[in-house]
Amino acid sequence: MMQQDLDNLAEEILNGSKLTDNELRELLSITDKEELEKLYYVSRKVRDHFFENKVFLYSFVYFSTYCKNKCTFCYYRESNSINRYRLDINEVRNICRALKGENIHMVDLTMGEDPYFHEHPERFTDVVRMVKTELNLPIMISPGVLQNESLKELHDNGANFLALYQETHDRELYGKLRVGQSFEDRVNARSFAKSIGYCVEDGILTGVGNDIESTIKSLRGMENNRPDMVRVMTFVPQEGTPLGKKDPESSIEELKIIAILRLMFPDRLIPASLDLEGIPGMVHRLNAGANVVTSIIPSNSTLEGVVNYDRDLEERDRDPKSVIKSLKAMGMEPASQDDFNKILERKHEIPAVPL
């Protein structure tokens, strides 16, 4: 594509043009490095129209690595014999205090589907209430599938954002990844959360056997539910899981899908996770069109992550100051808290589509 063509495509997207399935196939088929760079250029141009050079920063507190599920891709699946932890409320409070004064916009409270909290949701509510008191910041919860009454109670006590990833909207592939879990329950939980005032995030995995047609199903599935944030992550084989021996794939497919997500969701939030390749990976993902940095942790933190490329490293360069230093080197900077709060308020403009 020529420069004029690239600029025209960006303008079409900004004027409300939607990608057709054939256009998605064409974009997903790109392998040439030069063509990928052109795609990233268009994605950045669309992103910068809405967000300029501003980036949102989310801290990350994985407070329980216990889980009742048997997901074939996840290190924390119920049957994996690993060291686990469950932080008590005072340990979470200490993490919050270490984050005070840092330039972050939201706290992400993540856990597996831990029966300790799922069977006693008031324990999770206590954590949310405490974090809100300590930091007075928006709170994202990533708890798996909760009952509607629990979601409402958490929202009433300070939770603003629900992250609940489908991993794939291809039902056949979903059954192989989230073994024994209802496809509809996850969709309905996001829809209910949106109806009571949450912002919601959906996410997909790449590198788990999805071909172009499967990926299109996932992209359209996310589009139908009109989430406030959309994510894609590269699958990394995890020891002790059914997919642990699978050959790892590069992050190129993830970068390509980030760019496509930006064209499909021009003014939405798209994360660049530090949990896969650290700050170098963050740079690549922002250059592909992301506008959020996630999995930020306090310096010297021993918190686990979803993928944790740096699980065995002594130095973990994922603290707010290191992230901001790298952003400035890219010509980017953290957005203001007011900018982020406007994103939260905008949730009422994009209602979810019922299942």
# chains A, B, ... in the order shown; residues from 1 in each chain; ligands from 1
$ select_by_dssp --residues "region 246-294 of chain A" --states "strand (DSSP E or B)" --output "PyMOL selection string"
chain A and resi 269+271-273+292-294
$ residues_around --residues "Gly244 (chain A)" --least-positions-apart "4" --cutoff "10 Å" --atoms "only C-alpha atoms" --output "ChimeraX atom specification"
/A:72-75,236-240,248
$ write_last_selection --atoms "N, CA, C and O atoms" --output "CSV table (one decimal), in the first residue's frame"
chain,number,residue,atom,x,y,z
A,72,THR,N,-6.7,-25.9,29.9
A,72,THR,CA,-5.6,-26.7,29.4
A,72,THR,C,-4.4,-25.8,29.1
A,72,THR,O,-3.3,-26.3,28.9
A,73,PHE,N,-4.5,-24.5,29.1
A,73,PHE,CA,-3.5,-23.6,28.8
A,73,PHE,C,-2.8,-22.9,30.0
A,73,PHE,O,-1.8,-22.2,29.9
A,74,CYS,N,-3.4,-23.1,31.2
A,74,CYS,CA,-3.1,-22.2,32.3
A,74,CYS,C,-2.2,-22.9,33.3
A,74,CYS,O,-2.5,-24.0,33.8
A,75,TYR,N,-1.2,-22.2,33.7
A,75,TYR,CA,-0.2,-22.7,34.7
A,75,TYR,C,-0.9,-23.0,36.0
A,75,TYR,O,-0.5,-23.9,36.8
A,236,VAL,N,1.7,-18.9,25.8
A,236,VAL,CA,3.1,-19.3,26.1
A,236,VAL,C,2.9,-20.7,26.8
A,236,VAL,O,2.2,-20.8,27.9
A,237,PRO,N,3.5,-21.8,26.3
A,237,PRO,CA,3.3,-23.1,26.9
A,237,PRO,C,3.8,-23.1,28.4
A,237,PRO,O,4.8,-22.5,28.7
A,238,GLN,N,3.0,-23.7,29.3
A,238,GLN,CA,3.2,-23.6,30.7
A,238,GLN,C,3.5,-25.1,31.2
A,238,GLN,O,2.7,-26.0,30.9
A,239,GLU,N,4.5,-25.2,32.0
A,239,GLU,CA,4.9,-26.5,32.5
A,239,GLU,C,3.8,-27.1,33.3
A,239,GLU,O,3.1,-26.4,34.1
A,240,GLY,N,3.5,-28.4,33.1
A,240,GLY,CA,2.5,-29.1,33.9
A,240,GLY,C,1.1,-29.0,33.4
A,240,GLY,O,0.1,-29.4,34.0
A,248,PRO,N,6.2,-23.0,21.2
A,248,PRO,CA,5.7,-21.6,21.3
A,248,PRO,C,5.8,-20.9,20.0
A,248,PRO,O,6.6,-21.2,19.1
$ select_by_dssp --residues "region 13-51 of chain A" --states "alpha helix (DSSP H)" --output "count of residues only"
29
$ atom_distance --atom1 "CA of Pro280 (chain A)" --atom2 "CA of Tyr76 (chain A)"
25.5 Å
$ closest_residue --among "A:Ile104, A:Ile82, A:Leu99, A:Met130" --to "Phe56 (chain A)" --atoms "only C-alpha atoms"
A:Ile104
$ closest_residue --among "A:Asn341, A:Thr234, A:Ser295, A:Ser182" --to "Ile252 (chain A)" --atoms "only C-alpha atoms"
A:Thr234
$ atom_distance --atom1 "CA of Ser336 (chain A)" --atom2 "CA of Cys96 (chain A)"
19.6 Å
$ residues_around --residues "Ser299 (chain A)" --least-positions-apart "3" --cutoff "12 Å" --atoms "only C-alpha atoms" --output "MDAnalysis selection string"
chainID A and resid 59 95 98:99 102 296 302:303 314:323
$ write_last_selection --atoms "C-alpha atoms" --output "short mmCIF file (atom, residue, chain, number, x, y, z; two decimals), in the first residue's frame"
data_model
loop_
_atom_site.label_atom_id
_atom_site.label_comp_id
_atom_site.auth_asym_id
_atom_site.auth_seq_id
_atom_site.Cartn_x
_atom_site.Cartn_y
_atom_site.Cartn_z
CA SER A 59 -1.11 -1.90 38.46
CA ILE A 95 1.02 -3.71 48.24
CA ALA A 98 3.75 0.54 48.09
CA LEU A 99 1.81 1.86 45.08
CA GLU A 102 2.80 6.14 41.75
CA ILE A 296 2.70 -3.15 36.38
CA THR A 302 7.23 -11.28 44.14
CA LEU A 303 3.67 -11.27 42.78
CA GLU A 314 15.86 -11.73 40.16
CA GLU A 315 15.37 -8.35 38.46
CA ARG A 316 11.81 -7.58 37.36
CA ASP A 317 11.73 -4.26 35.55
CA ARG A 318 7.95 -3.75 35.69
CA ASP A 319 7.50 -0.93 38.17
CA PRO A 320 5.73 2.36 37.29
CA LYS A 321 8.89 4.47 37.09
CA SER A 322 10.59 2.06 34.66
CA VAL A 323 7.48 2.00 32.46
#
$ atom_distance --atom1 "CA of Phe63 (chain A)" --atom2 "CA of Tyr198 (chain A)"
21.2 Å
$ residues_around --residues "Leu135 (chain A)" --least-positions-apart "6" --cutoff "10 Å" --atoms "only C-alpha atoms" --output "list in words"
Arg93, Cys96, Arg97, Leu99, Lys100, Gly101, Met106 and Val107 of chain A
$ residues_around --residues "Arg44 (chain A)" --least-positions-apart "5" --cutoff "10 Å" --atoms "only C-alpha atoms" --output "short mmCIF file (atom, residue, chain, number, x, y, z; two decimals) with N, CA, C and O atoms, in the first residue's frame"
data_model
loop_
_atom_site.label_atom_id
_atom_site.label_comp_id
_atom_site.auth_asym_id
_atom_site.auth_seq_id
_atom_site.Cartn_x
_atom_site.Cartn_y
_atom_site.Cartn_z
N ALA A 10 -6.95 4.95 7.24
CA ALA A 10 -7.14 5.52 8.58
C ALA A 10 -8.33 6.46 8.60
O ALA A 10 -9.15 6.43 9.53
N LYS A 38 3.23 -1.23 7.79
CA LYS A 38 2.20 -0.34 7.25
C LYS A 38 0.91 -0.46 8.05
O LYS A 38 0.23 0.54 8.32
N LEU A 39 0.57 -1.71 8.42
CA LEU A 39 -0.63 -1.93 9.23
C LEU A 39 -0.49 -1.23 10.58
O LEU A 39 -1.41 -0.57 11.07
N HIS A 49 -5.43 9.66 16.98
CA HIS A 49 -6.55 10.59 16.76
C HIS A 49 -7.37 10.74 18.04
O HIS A 49 -7.82 11.84 18.37
N PHE A 51 -6.37 9.43 21.27
CA PHE A 51 -5.63 9.45 22.54
C PHE A 51 -4.33 10.25 22.49
O PHE A 51 -3.64 10.33 23.51
N GLU A 52 -4.00 10.82 21.32
CA GLU A 52 -2.74 11.55 21.14
C GLU A 52 -1.59 10.63 21.57
O GLU A 52 -1.53 9.49 21.15
N ASN A 53 -0.69 11.12 22.41
CA ASN A 53 0.45 10.29 22.84
C ASN A 53 0.26 9.79 24.27
O ASN A 53 1.21 9.42 24.94
N ALA A 259 -3.21 -4.50 16.12
CA ALA A 259 -3.44 -3.47 15.10
C ALA A 259 -4.84 -3.59 14.52
O ALA A 259 -5.53 -2.58 14.29
N ARG A 262 -7.42 -2.32 16.88
CA ARG A 262 -7.50 -0.86 16.87
C ARG A 262 -8.38 -0.36 15.72
O ARG A 262 -9.12 0.62 15.88
N LEU A 263 -8.33 -1.04 14.58
CA LEU A 263 -9.18 -0.62 13.45
C LEU A 263 -10.64 -0.98 13.69
O LEU A 263 -11.54 -0.28 13.22
N PRO A 266 -11.79 1.63 17.37
CA PRO A 266 -10.88 2.78 17.27
C PRO A 266 -10.65 3.54 18.57
O PRO A 266 -9.53 3.97 18.84
N LEU A 286 2.73 -1.26 21.99
CA LEU A 286 2.29 0.13 21.82
C LEU A 286 2.48 0.59 20.39
O LEU A 286 1.63 1.30 19.83
N ASN A 287 3.56 0.18 19.78
CA ASN A 287 3.80 0.56 18.38
C ASN A 287 2.82 -0.11 17.42
O ASN A 287 2.64 0.34 16.29
N ALA A 288 2.16 -1.19 17.88
CA ALA A 288 1.15 -1.85 17.05
C ALA A 288 -0.23 -1.25 17.26
O ALA A 288 -1.17 -1.62 16.54
N GLY A 289 -0.39 -0.32 18.24
CA GLY A 289 -1.68 0.33 18.42
C GLY A 289 -2.29 0.26 19.78
O GLY A 289 -3.37 0.80 20.02
N ALA A 290 -1.62 -0.41 20.74
CA ALA A 290 -2.14 -0.47 22.11
C ALA A 290 -2.04 0.90 22.77
O ALA A 290 -1.28 1.77 22.33
N ASN A 291 -2.82 1.10 23.82
CA ASN A 291 -2.77 2.38 24.55
C ASN A 291 -2.89 2.22 26.06
O ASN A 291 -3.17 3.18 26.77
#
$ closest_residue --among "A:Val145, A:Leu274, A:Leu9, A:Met140" --to "Glu119 (chain A)" --atoms "only C-alpha atoms"
A:Val145
$ residues_around --residues "Gln147 (chain A)" --least-positions-apart "5" --cutoff "10 Å" --atoms "only C-alpha atoms" --output "JSON list (two decimals) with N, CA and C atoms, in the first residue's frame"
[["chain", "number", "residue", "atom", "x", "y", "z"],
["A", 118, "HIS", "N", -14.79, -17.57, 46.04],
["A", 118, "HIS", "CA", -16.02, -17.79, 45.27],
["A", 118, "HIS", "C", -17.15, -18.30, 46.15],
["A", 121, "PRO", "N", -18.06, -14.81, 48.79],
["A", 121, "PRO", "CA", -17.74, -13.60, 48.04],
["A", 121, "PRO", "C", -17.57, -12.36, 48.90],
["A", 152, "LYS", "N", -22.81, -7.50, 41.62],
["A", 152, "LYS", "CA", -23.46, -6.26, 42.05],
["A", 152, "LYS", "C", -22.89, -5.78, 43.37],
["A", 185, "ASP", "N", -22.03, -18.72, 30.15],
["A", 185, "ASP", "CA", -21.90, -18.08, 31.46],
["A", 185, "ASP", "C", -20.92, -16.91, 31.42],
["A", 189, "ALA", "N", -22.10, -13.09, 32.01],
["A", 189, "ALA", "CA", -21.53, -12.35, 33.14],
["A", 189, "ALA", "C", -21.05, -10.97, 32.70],
["A", 192, "PHE", "N", -24.23, -8.85, 31.99],
["A", 192, "PHE", "CA", -24.88, -8.39, 33.23],
["A", 192, "PHE", "C", -24.05, -7.28, 33.87]]
$ closest_residue --among "A:Pro115, A:Gly331, A:Gly278, A:Pro271" --to "Thr294 (chain A)" --atoms "only C-alpha atoms"
A:Pro271
$ closest_residue --among "A:Thr65, A:Asn136, A:Thr215, A:Asn160" --to "Phe117 (chain A)" --atoms "only C-alpha atoms"
A:Thr65
$ closest_residue --among "A:Asp202, A:Asp211, A:Glu333, A:Glu26" --to "Met233 (chain A)" --atoms "only C-alpha atoms"
A:Asp202
